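Below is the file start17.cif, which contains mmCIF, C-alpha atoms.
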```
data_work
loop_
_atom_site.label_atom_id
_atom_site.label_comp_id
_atom_site.auth_asym_id
_atom_site.auth_seq_id
_atom_site.Cartn_x
_atom_site.Cartn_y
_atom_site.Cartn_z
CA MET H 20 0.00 0.00 0.00
CA ASN H 21 1.12 3.56 -0.56
CA GLU H 22 0.27 7.14 0.33
CA ALA H 23 -2.36 7.34 -2.40
CA TRP H 24 -4.48 4.93 -0.35
CA GLY H 25 -4.47 7.42 2.49
CA GLU H 26 -5.33 10.31 0.16
CA LEU H 27 -8.23 8.33 -1.31
CA THR H 28 -9.76 6.94 1.88
CA GLY H 29 -8.29 8.93 4.77
CA TYR H 30 -6.93 5.77 6.39
CA ASP H 31 -3.24 5.64 7.25
CA VAL H 32 -1.32 2.83 5.52
CA GLN H 33 -0.01 1.41 8.80
CA GLU H 34 -3.43 1.29 10.42
CA SER H 35 -4.86 -0.46 7.35
CA ILE H 36 -2.29 -3.25 7.14
CA GLY H 37 -3.57 -6.36 8.89
CA THR H 38 -7.26 -5.43 8.58
CA TYR H 39 -9.84 -7.35 6.55
CA SER H 40 -9.91 -5.89 3.02
CA LEU H 41 -13.62 -6.43 2.40
CA SER H 42 -14.44 -4.37 5.48
CA TYR H 43 -13.60 -1.27 3.40
CA ILE H 44 -16.13 -2.22 0.72
CA HIS H 45 -19.71 -0.96 0.68
CA PRO H 46 -22.02 -3.65 2.13
CA ASP H 47 -24.08 -3.78 -1.07
CA ASP H 48 -20.94 -4.55 -3.12
CA ARG H 49 -19.24 -7.09 -0.87
CA LEU H 50 -21.09 -10.27 -1.87
CA ASN H 51 -20.65 -9.72 -5.61
CA LEU H 52 -16.98 -8.81 -5.20
CA HIS H 53 -16.39 -11.90 -3.01
CA LYS H 54 -17.91 -14.11 -5.71
CA GLU H 55 -15.74 -12.53 -8.40
CA LEU H 56 -12.54 -12.85 -6.38
CA SER H 57 -13.21 -16.53 -5.67
CA ARG H 58 -12.86 -17.29 -9.38
CA PHE H 59 -9.08 -16.72 -9.36
CA GLN H 60 -8.44 -19.77 -7.18
CA ASP H 61 -8.84 -22.23 -10.05
CA GLY H 62 -6.28 -20.37 -12.15
CA ALA H 63 -8.78 -19.53 -14.89
CA GLU H 64 -8.40 -15.79 -14.44
CA LYS H 65 -5.13 -13.86 -14.88
CA SER H 66 -6.55 -10.38 -14.24
CA ASN H 67 -9.82 -8.61 -13.72
CA VAL H 68 -11.37 -5.15 -13.35
CA PHE H 69 -14.02 -4.35 -10.77
CA GLU H 70 -16.08 -1.31 -9.81
CA PHE H 71 -17.23 -0.89 -6.23
CA ARG H 72 -17.52 1.66 -3.46
CA VAL H 73 -14.71 2.04 -0.92
CA GLN H 74 -15.38 3.40 2.55
CA LYS H 75 -13.79 6.69 3.58
CA LYS H 76 -12.58 7.33 7.09
CA GLY H 77 -15.13 9.40 8.92
CA GLY H 78 -18.04 8.23 6.74
CA GLY H 79 -19.08 8.14 3.13
CA PHE H 80 -17.91 6.10 0.18
CA VAL H 81 -15.96 6.74 -3.00
CA TRP H 82 -16.54 4.90 -6.29
CA CYS H 83 -13.41 3.07 -7.41
CA GLU H 84 -12.22 1.08 -10.40
CA VAL H 85 -9.85 -1.66 -9.28
CA PHE H 86 -7.53 -3.56 -11.62
CA ILE H 87 -6.32 -6.83 -10.08
CA LYS H 88 -3.60 -9.09 -11.44
CA TYR H 89 -3.37 -12.63 -10.06
CA GLU H 90 0.02 -14.22 -9.44
CA TYR H 91 0.52 -17.97 -9.93
CA SER H 92 3.52 -20.27 -9.52
CA SER H 93 4.96 -22.26 -12.41
CA LYS H 94 2.78 -25.14 -11.23
CA GLY H 95 -0.35 -23.02 -11.40
CA ARG H 96 -0.69 -22.46 -7.68
CA PHE H 97 -2.16 -19.14 -6.60
CA GLU H 98 0.43 -17.09 -4.75
CA GLY H 99 -1.17 -13.65 -4.40
CA MET H 100 -2.33 -10.63 -6.30
CA THR H 101 -1.52 -6.98 -6.92
CA GLY H 102 -4.00 -4.25 -7.58
CA THR H 103 -4.38 -0.60 -8.50
CA ILE H 104 -7.29 1.63 -7.51
CA LYS H 105 -8.63 4.61 -9.45
CA ASP H 106 -11.11 7.15 -8.12
CA LYS H 107 -14.17 7.01 -10.44
CA THR H 108 -16.55 9.09 -8.32
CA PHE H 109 -16.76 11.98 -10.77
CA ARG H 110 -17.44 9.65 -13.70
CA LYS H 111 -20.14 7.81 -11.74
CA GLN H 112 -21.80 11.06 -10.74
CA SER H 113 -21.69 12.22 -14.37
CA GLU H 114 -23.27 8.96 -15.53
CA GLU H 115 -26.04 9.31 -12.95
CA ARG H 116 -26.71 12.92 -13.98
CA LEU H 117 -26.76 11.88 -17.65
CA LEU H 118 -29.18 9.05 -16.89
CA LYS H 119 -31.52 11.42 -15.05
CA THR H 120 -31.27 13.94 -17.89
CA ASN H 121 -32.07 11.27 -20.50
CA GLU H 122 -35.04 10.10 -18.46
CA ALA H 123 -36.32 13.67 -18.18
CA LEU H 124 -35.87 14.20 -21.93
CA ALA H 125 -37.72 10.96 -22.67
CA VAL H 126 -40.65 12.08 -20.51
CA LYS H 127 -40.62 15.50 -22.18
CA SER H 128 -40.54 13.96 -25.67
CA GLU H 129 -43.45 11.72 -24.77
CA LYS H 130 -45.43 14.73 -23.51
CA LEU H 131 -44.64 16.65 -26.70
CA ALA H 132 -45.71 13.72 -28.88
CA SER H 133 -49.01 13.38 -27.00
CA ALA H 134 -49.58 17.14 -27.11
CA ALA H 135 -48.79 17.21 -30.84
CA GLN H 136 -51.32 14.48 -31.57
CA LEU H 137 -53.97 16.26 -29.53
CA ALA H 138 -53.06 19.61 -31.07
CA ALA H 139 -53.53 18.34 -34.62
CA GLY H 140 -57.00 17.03 -33.83
CA ILE H 141 -58.09 20.22 -32.07
CA ALA H 142 -56.70 22.49 -34.78
CA HIS H 143 -58.45 20.67 -37.62
CA GLU H 144 -61.76 20.45 -35.78
CA VAL H 145 -61.78 24.16 -34.85
CA ARG H 146 -60.38 25.63 -38.06
CA ASN H 147 -63.29 24.59 -40.34
CA PRO H 148 -66.17 26.10 -38.31
CA LEU H 149 -64.01 29.13 -37.51
CA THR H 150 -63.54 29.79 -41.24
CA SER H 151 -67.31 29.73 -41.72
CA VAL H 152 -67.90 32.07 -38.78
CA LYS H 153 -65.28 34.52 -40.07
CA GLY H 154 -66.80 34.48 -43.57
CA PHE H 155 -70.32 35.22 -42.35
CA LEU H 156 -69.03 37.99 -40.07
CA GLN H 157 -67.29 39.62 -43.05
CA LEU H 158 -70.58 39.57 -44.99
CA LEU H 159 -72.41 40.97 -41.98
CA GLU H 160 -69.83 43.73 -41.60
CA LYS H 161 -70.49 44.92 -45.15
CA LYS H 162 -74.23 45.22 -44.45
CA GLU H 163 -73.95 46.57 -40.93
CA SER H 164 -70.79 48.63 -41.16
CA THR H 165 -71.93 50.99 -38.41
CA MET H 166 -72.21 48.27 -35.78
CA PRO H 167 -69.46 48.41 -33.15
CA TYR H 168 -67.26 45.55 -31.96
CA PHE H 169 -66.42 44.14 -35.41
CA GLU H 170 -62.78 45.15 -34.99
CA ILE H 171 -62.62 43.42 -31.59
CA ILE H 172 -64.29 40.28 -32.92
CA PHE H 173 -61.93 40.01 -35.91
CA SER H 174 -58.96 40.67 -33.63
CA GLU H 175 -59.98 37.75 -31.40
CA ILE H 176 -60.56 35.51 -34.41
CA SER H 177 -57.07 36.37 -35.68
CA ARG H 178 -55.71 35.36 -32.30
CA ILE H 179 -57.53 32.02 -32.46
CA GLU H 180 -56.11 31.47 -35.95
CA LEU H 181 -52.61 32.19 -34.61
CA VAL H 182 -53.05 29.60 -31.87
CA LEU H 183 -54.33 27.06 -34.40
CA SER H 184 -51.37 27.76 -36.66
CA GLU H 185 -48.94 27.17 -33.79
CA LEU H 186 -50.79 23.99 -32.83
CA LEU H 187 -50.39 22.64 -36.35
CA THR H 188 -46.73 23.63 -36.43
CA LEU H 189 -46.20 21.80 -33.16
CA ALA H 190 -47.99 18.72 -34.47
CA LYS H 191 -46.37 18.68 -37.88
CA PRO H 192 -43.88 21.42 -38.81
CA HIS H 193 -43.99 22.75 -42.35
CA SER H 194 -41.97 20.87 -44.94
CA THR H 195 -38.31 21.66 -44.54
CA LEU H 196 -35.91 22.68 -47.26
CA PHE H 197 -32.37 22.18 -45.98
CA THR H 198 -29.52 24.05 -47.55
CA ASN H 199 -26.17 25.58 -46.59
CA VAL H 200 -26.95 28.68 -44.52
CA GLU H 201 -24.38 31.36 -43.67
CA MET H 202 -25.38 32.23 -40.12
CA LYS H 203 -23.90 35.71 -39.79
CA GLY H 204 -25.90 36.98 -42.76
CA LEU H 205 -29.07 35.33 -41.49
CA LEU H 206 -28.63 36.85 -38.03
CA LYS H 207 -28.13 40.30 -39.55
CA GLN H 208 -31.42 39.91 -41.44
CA VAL H 209 -33.31 38.86 -38.31
CA SER H 210 -31.74 41.67 -36.25
CA THR H 211 -32.85 44.21 -38.84
CA LEU H 212 -36.40 42.80 -38.73
CA ILE H 213 -36.55 42.87 -34.94
CA GLU H 214 -34.90 46.28 -34.50
CA SER H 215 -38.12 48.24 -35.05
CA ASN H 216 -39.90 46.10 -32.46
CA ALA H 217 -37.06 46.79 -30.03
CA LEU H 218 -37.22 50.56 -30.62
CA LEU H 219 -40.98 50.62 -30.02
CA ASN H 220 -40.38 49.02 -26.63
CA ASP H 221 -37.41 51.27 -25.73
CA VAL H 222 -35.02 48.31 -25.94
CA THR H 223 -31.45 48.85 -27.10
CA LEU H 224 -30.42 46.09 -29.50
CA GLN H 225 -26.73 45.15 -29.35
CA THR H 226 -25.15 42.66 -31.75
CA ASN H 227 -21.77 40.96 -32.00
CA PHE H 228 -21.46 38.35 -34.73
CA GLY H 229 -17.67 38.27 -34.95
CA ASN H 230 -15.59 38.15 -38.11
CA GLU H 231 -15.60 34.42 -38.85
CA GLU H 232 -17.97 32.92 -41.40
CA ALA H 233 -20.04 29.97 -40.15
CA VAL H 234 -22.21 27.66 -42.23
CA VAL H 235 -24.88 25.24 -41.02
CA PHE H 236 -27.05 22.81 -42.95
CA ALA H 237 -30.53 24.05 -42.14
CA ASP H 238 -33.88 25.37 -43.29
CA PRO H 239 -33.29 29.16 -43.20
CA ASN H 240 -36.97 30.01 -42.72
CA GLN H 241 -37.32 27.74 -39.71
CA ILE H 242 -34.10 29.00 -38.12
CA LYS H 243 -35.32 32.58 -38.68
CA GLN H 244 -38.56 31.65 -36.95
CA VAL H 245 -36.61 30.40 -33.91
CA PHE H 246 -34.50 33.57 -33.68
CA ILE H 247 -37.49 35.87 -34.11
CA ASN H 248 -39.48 34.01 -31.44
CA LEU H 249 -36.61 34.08 -28.95
CA MET H 250 -35.85 37.78 -29.57
CA LYS H 251 -39.50 38.80 -29.32
CA ASN H 252 -39.84 36.83 -26.10
CA ALA H 253 -36.82 38.65 -24.70
CA ILE H 254 -38.26 42.05 -25.65
CA GLU H 255 -41.63 41.18 -24.10
CA ALA H 256 -39.87 40.04 -20.91
CA MET H 257 -38.57 43.61 -20.53
CA SER H 258 -41.76 45.43 -21.54
CA GLN H 259 -42.81 46.40 -18.00
CA MET H 260 -39.35 47.49 -16.84
CA GLU H 261 -38.55 51.10 -16.04
CA LYS H 262 -34.77 50.73 -16.06
CA SER H 263 -32.66 50.75 -19.24
CA LYS H 264 -33.42 47.69 -21.36
CA TYR H 265 -30.87 45.80 -23.44
CA LEU H 266 -31.11 42.89 -25.85
CA HIS H 267 -27.72 41.43 -26.77
CA VAL H 268 -27.37 38.96 -29.64
CA SER H 269 -24.00 37.33 -30.28
CA MET H 270 -22.54 34.46 -32.29
CA ASP H 271 -19.55 32.34 -31.34
CA VAL H 272 -17.95 29.96 -33.84
CA GLN H 273 -16.47 26.74 -32.46
CA GLU H 274 -14.76 23.91 -34.29
CA MET H 275 -17.80 21.62 -34.42
CA PHE H 276 -20.74 23.96 -33.81
CA ILE H 277 -21.92 27.55 -33.78
CA SER H 278 -23.44 29.16 -30.72
CA VAL H 279 -25.97 32.00 -30.82
CA ARG H 280 -26.71 33.70 -27.49
CA ILE H 281 -29.74 35.94 -26.94
CA THR H 282 -29.47 37.81 -23.64
CA ASP H 283 -31.83 40.29 -21.97
CA ASN H 284 -31.72 42.14 -18.66
CA GLY H 285 -35.37 41.54 -17.90
CA ALA H 286 -37.15 40.07 -14.89
CA GLY H 287 -35.58 36.64 -15.33
CA ILE H 288 -37.19 33.24 -14.84
CA SER H 289 -37.48 31.18 -11.67
CA LYS H 290 -35.78 27.78 -11.45
CA GLU H 291 -39.19 26.07 -11.29
CA ASP H 292 -40.39 27.81 -14.46
CA ILE H 293 -37.14 27.10 -16.35
CA ASP H 294 -37.71 23.38 -15.83
CA ARG H 295 -41.13 23.71 -17.46
CA LEU H 296 -40.19 25.93 -20.39
CA GLY H 297 -41.04 24.22 -23.64
CA GLU H 298 -44.05 22.38 -22.27
CA PRO H 299 -47.06 23.00 -24.53
CA PHE H 300 -49.47 25.60 -23.09
CA PHE H 301 -47.10 26.58 -20.26
CA THR H 302 -46.21 30.26 -20.40
CA THR H 303 -44.96 33.02 -18.10
CA LYS H 304 -46.60 35.72 -20.26
CA GLU H 305 -50.11 37.04 -19.63
CA SER H 306 -51.13 36.79 -23.29
CA GLY H 307 -48.90 33.89 -24.33
CA THR H 308 -50.04 30.52 -25.64
CA GLY H 309 -47.05 28.52 -24.43
CA LEU H 310 -46.62 27.04 -27.90
CA GLY H 311 -43.95 29.31 -29.41
CA LEU H 312 -41.06 27.85 -27.43
CA SER H 313 -42.35 24.31 -27.98
CA VAL H 314 -42.19 24.93 -31.73
CA CYS H 315 -38.66 26.38 -31.37
CA LEU H 316 -37.47 23.32 -29.47
CA LYS H 317 -38.95 21.01 -32.09
CA ILE H 318 -37.21 22.90 -34.91
CA ILE H 319 -33.86 22.94 -33.08
CA GLU H 320 -34.15 19.21 -32.39
CA GLN H 321 -34.81 18.52 -36.08
CA HIS H 322 -31.62 20.42 -36.93
CA GLY H 323 -29.52 18.35 -34.52
CA GLY H 324 -29.01 21.26 -32.14
CA GLU H 325 -29.82 22.10 -28.55
CA LEU H 326 -31.19 25.05 -26.60
CA LEU H 327 -29.60 25.99 -23.27
CA ILE H 328 -31.32 28.39 -20.87
CA GLU H 329 -29.70 30.39 -18.08
CA SER H 330 -31.70 32.80 -15.95
CA GLU H 331 -31.86 34.39 -12.55
CA GLU H 332 -34.84 36.25 -11.19
CA GLY H 333 -34.28 39.98 -11.43
CA GLN H 334 -31.08 39.56 -13.48
CA GLY H 335 -32.35 38.62 -16.95
CA SER H 336 -32.07 35.51 -19.12
CA THR H 337 -29.83 33.99 -21.77
CA PHE H 338 -31.06 31.57 -24.42
CA GLU H 339 -28.19 29.84 -26.20
CA MET H 340 -28.83 27.85 -29.37
CA LYS H 341 -26.12 25.48 -30.59
CA LEU H 342 -26.20 24.07 -34.13
CA PRO H 343 -23.77 21.66 -35.81
CA ARG H 344 -21.34 23.50 -38.06
CA ILE H 345 -20.32 22.25 -41.49
CA MET H 346 -16.91 22.99 -42.96
CA ILE H 347 -16.97 24.53 -46.42
CA ASP H 348 -14.29 25.99 -48.69
CA GLN H 349 -14.00 29.76 -48.67
CA HIS H 350 -14.48 30.02 -52.47
CA VAL H 351 -17.90 28.40 -52.13
CA LEU H 352 -18.98 31.19 -49.79
CA GLU H 353 -17.76 33.78 -52.25
#
```
Here is the file; what I need is its structure written in the form of structure tokens.
Amino acid sequence: MNEAWGELTGYDVQESIGTYSLSYIHPDDRLNLHKELSRFQDGAEKSNVFEFRVQKKGGGFVWCEVFIKYEYSSKGRFEGMTGTIKDKTFRKQSEERLLKTNEALAVKSEKLASAAQLAAGIAHEVRNPLTSVKGFLQLLEKKESTMPYFEIIFSEISRIELVLSELLTLAKPHSTLFTNVEMKGLLKQVSTLIESNALLNDVTLQTNFGNEEAVVFADPNQIKQVFINLMKNAIEAMSQMEKSKYLHVSMDVQEMFISVRITDNGAGISKEDIDRLGEPFFTTKESGTGLGLSVCLKIIEQHGGELLIESEEGQGSTFEMKLPRIMIDQHVLE
């Protein structure tokens, strides 16, 4: 034994020598390890690798990977063994976190699939009678143009149509046309479109797209839709603020992907609400439908990307979209 044993477990080497080795093993791992170790006695095994938890002095356990080499005499008699121990606690914790994340994603995907199926049925059933109602109201408006409330009625119908459109997009997004998309140019277009909306809400739009060209294989219209939705959400999150309002949009080019960050200094989102963002019909906005972000997540998923959300109440939010980057010769861009 050496000093590394003491660093790993807290036990001094001298106080460990002469003690029963399995006493340092987690009770739930002892029986299985004992069975595995018993196999070396017949000479069938030359070495083996085990994973088990080792007790730490003062309480607690640490996950370890142990490589054991069995020593035999020339006549095949077992004479002893040597072993090395590696601390695998961080890896184990990472695996557990990944497993929980995958389980959560599976549940979320199942919810989205169920919601999409329900959304398609509702949208189709409502759209047909709504079209008839809207048509008859338009005829009535021509005959009774002096009657009040027509503007309000048509405004509400338009809102219903918007919800139906988002429901259908959630259920079955429009046909995609993938092509090579230069992201800096696309972001400039979207920023120009959203700038007037920002000015109307006293929001200062700041952009930083860098100097490097970045190309992704994507449907430009769908990616535009994602950026517009995220930027509009950010502007709306700051609408009731009295302090200076800023919307910062930046792009960072990595070797394998591009990252677009949309940051606001609005009210922020609570931890509980962040966990629910993307669920159909869940929204933190008074007039929201809760479908816009669900559609964005579906589009990003179809493009092989991911959406990361960071927020703190009272400090604003950052939505970061990552998309796989494709390498392309410079002359093709030109």
Can you work out the spacing between atom CA of H:Lys341 and atom CA of H:Ile318 in Å, to one decimal? 12.2 Å
Evaluate the PyMOL selection byres ((chain H and resi 255) around 10) and report residues as a list of chain:residue names: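 Applied to this file, the PyMOL selection byres ((chain H and resi 255) around 10) selects H:Asn216, H:Ala217, H:Asn220, H:Val222, H:Leu249, H:Met250, H:Lys251, H:Asn252, H:Ala253, H:Ile254, H:Ala256, H:Met257, H:Ser258, H:Gln259, H:Met260, H:Gly285, H:Lys304.
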Nearest-residue call for H:Lys290, choices H:Ile328, H:Ile171, H:Ile242, H:Ile247, using all atoms listed in the file: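 Smallest distance to H:Lys290 is found for H:Ile328.
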Who sits within 12 Å of H:Phe276, all atoms listed in the file, same chain under 3 positions skipped, as a ChimeraX atom specification: /H:202,233-236,270-273,279,322-325,340-346
Dump C-alpha atoms for the selected residues as a PDB file, in the coordinates of the input?
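The file below, selection30.pdb, is the result:
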```
ATOM      1  CA  MET H 202     -25.380  32.230 -40.120  1.00  0.00           C
ATOM      2  CA  ALA H 233     -20.040  29.970 -40.150  1.00  0.00           C
ATOM      3  CA  VAL H 234     -22.210  27.660 -42.230  1.00  0.00           C
ATOM      4  CA  VAL H 235     -24.880  25.240 -41.020  1.00  0.00           C
ATOM      5  CA  PHE H 236     -27.050  22.810 -42.950  1.00  0.00           C
ATOM      6  CA  MET H 270     -22.540  34.460 -32.290  1.00  0.00           C
ATOM      7  CA  ASP H 271     -19.550  32.340 -31.340  1.00  0.00           C
ATOM      8  CA  VAL H 272     -17.950  29.960 -33.840  1.00  0.00           C
ATOM      9  CA  GLN H 273     -16.470  26.740 -32.460  1.00  0.00           C
ATOM     10  CA  VAL H 279     -25.970  32.000 -30.820  1.00  0.00           C
ATOM     11  CA  HIS H 322     -31.620  20.420 -36.930  1.00  0.00           C
ATOM     12  CA  GLY H 323     -29.520  18.350 -34.520  1.00  0.00           C
ATOM     13  CA  GLY H 324     -29.010  21.260 -32.140  1.00  0.00           C
ATOM     14  CA  GLU H 325     -29.820  22.100 -28.550  1.00  0.00           C
ATOM     15  CA  MET H 340     -28.830  27.850 -29.370  1.00  0.00           C
ATOM     16  CA  LYS H 341     -26.120  25.480 -30.590  1.00  0.00           C
ATOM     17  CA  LEU H 342     -26.200  24.070 -34.130  1.00  0.00           C
ATOM     18  CA  PRO H 343     -23.770  21.660 -35.810  1.00  0.00           C
ATOM     19  CA  ARG H 344     -21.340  23.500 -38.060  1.00  0.00           C
ATOM     20  CA  ILE H 345     -20.320  22.250 -41.490  1.00  0.00           C
ATOM     21  CA  MET H 346     -16.910  22.990 -42.960  1.00  0.00           C
TER      22      MET H 346
END
```
Answer key for the PyMOL selection byres ((chain H and resi 106) around 10), residues as a list in words: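 Selection result, ordered by chain and number: Leu27, Glu70, Arg72, Val73, Val81, Trp82, Cys83, Glu84, Val85, Ile104, Lys105, Lys107, Thr108, Phe109, Arg110 and Lys111 of chain H.
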Rounded to one decimal place, report the atom CA of H:Tyr43-atom CA of H:Ser57 distance in Å.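 Atom CA of H:Tyr43 sits 17.8 Å away from atom CA of H:Ser57.
Interatomic distance, atom CA of H:Leu117 against atom CA of H:Phe338: 21.3 Å.
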Any chance you could resolve the PyMOL selection byres ((chain H and resi 226) around 6) against this file and give the residues as a PyMOL selection string? chain H and resi 225+227+267-269
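Of the listed residues (H:Ala237, H:Val245, H:Ile141, H:Ile277), H:Ala237 comes nearest to H:Val200; the distances count all atoms listed in the file.
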Build an axis-aligned box that encloses every atom of stretch 83-92 of chain H listed in the file, pad it by 3 Å on each side, and report its centre and edge lengths in Å to one decimal, as JSON.
```
{"center_x": -4.9, "center_y": -8.6, "center_z": -9.5, "size_x": 22.9, "size_y": 29.3, "size_z": 10.2}
```
Counting all atoms listed in the file, the residue of H:Glu231, H:Lys243, H:Gly77, H:Gly102 that sits nearest H:Leu212: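 Residue with the minimum atom-to-atom distance to H:Leu212: H:Lys243.
Within the 12 Å cut-off around H:Asp47, using only C-alpha atoms and omitting residues fewer than 5 positions from it on the same chain, the listed residues are Leu41, Ser42, Leu52, His53, Phe71, Arg72, Val73, Gln74 and Phe80 of chain H.
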Nearest to H:Glu201, restricted to only C-alpha atoms and choosing among H:Ile288, H:Glu331, H:Lys153, H:Phe228, comes out as H:Phe228
I need stretch 269-281 of chain H written out with N, CA, C and O atoms, as an mmCIF file, in the first residue's frame; please produce it.
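Below is the file that was written, part-v4.cif:
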```cif
data_model
loop_
_atom_site.group_PDB
_atom_site.id
_atom_site.type_symbol
_atom_site.label_atom_id
_atom_site.label_comp_id
_atom_site.auth_asym_id
_atom_site.auth_seq_id
_atom_site.Cartn_x
_atom_site.Cartn_y
_atom_site.Cartn_z
ATOM 1 N N SER H 269 -25.385 37.595 -29.878
ATOM 2 C CA SER H 269 -24.001 37.328 -30.284
ATOM 3 C C SER H 269 -23.875 35.937 -30.886
ATOM 4 O O SER H 269 -24.702 35.061 -30.641
ATOM 5 N N MET H 270 -22.817 35.769 -31.684
ATOM 6 C CA MET H 270 -22.536 34.465 -32.286
ATOM 7 C C MET H 270 -21.090 34.093 -32.006
ATOM 8 O O MET H 270 -20.191 34.924 -32.130
ATOM 9 N N ASP H 271 -20.884 32.848 -31.625
ATOM 10 C CA ASP H 271 -19.548 32.337 -31.342
ATOM 11 C C ASP H 271 -19.329 31.093 -32.205
ATOM 12 O O ASP H 271 -20.168 30.186 -32.212
ATOM 13 N N VAL H 272 -18.236 31.074 -32.929
ATOM 14 C CA VAL H 272 -17.946 29.963 -33.841
ATOM 15 C C VAL H 272 -16.934 29.024 -33.201
ATOM 16 O O VAL H 272 -15.813 29.429 -32.877
ATOM 17 N N GLN H 273 -17.344 27.777 -32.989
ATOM 18 C CA GLN H 273 -16.469 26.745 -32.457
ATOM 19 C C GLN H 273 -16.081 25.787 -33.582
ATOM 20 O O GLN H 273 -16.545 25.914 -34.709
ATOM 21 N N GLU H 274 -15.236 24.828 -33.256
ATOM 22 C CA GLU H 274 -14.758 23.909 -34.293
ATOM 23 C C GLU H 274 -15.887 23.048 -34.861
ATOM 24 O O GLU H 274 -15.979 22.857 -36.076
ATOM 25 N N MET H 275 -16.773 22.549 -33.984
ATOM 26 C CA MET H 275 -17.802 21.617 -34.423
ATOM 27 C C MET H 275 -19.210 22.220 -34.452
ATOM 28 O O MET H 275 -20.125 21.611 -35.002
ATOM 29 N N PHE H 276 -19.400 23.389 -33.862
ATOM 30 C CA PHE H 276 -20.737 23.963 -33.806
ATOM 31 C C PHE H 276 -20.665 25.479 -33.734
ATOM 32 O O PHE H 276 -19.607 26.057 -33.491
ATOM 33 N N ILE H 277 -21.808 26.112 -33.980
ATOM 34 C CA ILE H 277 -21.917 27.553 -33.783
ATOM 35 C C ILE H 277 -22.887 27.792 -32.634
ATOM 36 O O ILE H 277 -23.845 27.040 -32.439
ATOM 37 N N SER H 278 -22.614 28.828 -31.875
ATOM 38 C CA SER H 278 -23.444 29.158 -30.719
ATOM 39 C C SER H 278 -24.000 30.571 -30.881
ATOM 40 O O SER H 278 -23.242 31.507 -31.114
ATOM 41 N N VAL H 279 -25.316 30.698 -30.767
ATOM 42 C CA VAL H 279 -25.970 32.005 -30.823
ATOM 43 C C VAL H 279 -26.612 32.264 -29.465
ATOM 44 O O VAL H 279 -27.435 31.473 -28.996
ATOM 45 N N ARG H 280 -26.215 33.360 -28.833
ATOM 46 C CA ARG H 280 -26.708 33.700 -27.495
ATOM 47 C C ARG H 280 -27.596 34.943 -27.576
ATOM 48 O O ARG H 280 -27.195 35.956 -28.145
ATOM 49 N N ILE H 281 -28.779 34.836 -26.987
ATOM 50 C CA ILE H 281 -29.735 35.944 -26.936
ATOM 51 C C ILE H 281 -29.954 36.270 -25.464
ATOM 52 O O ILE H 281 -30.532 35.471 -24.721
#
```
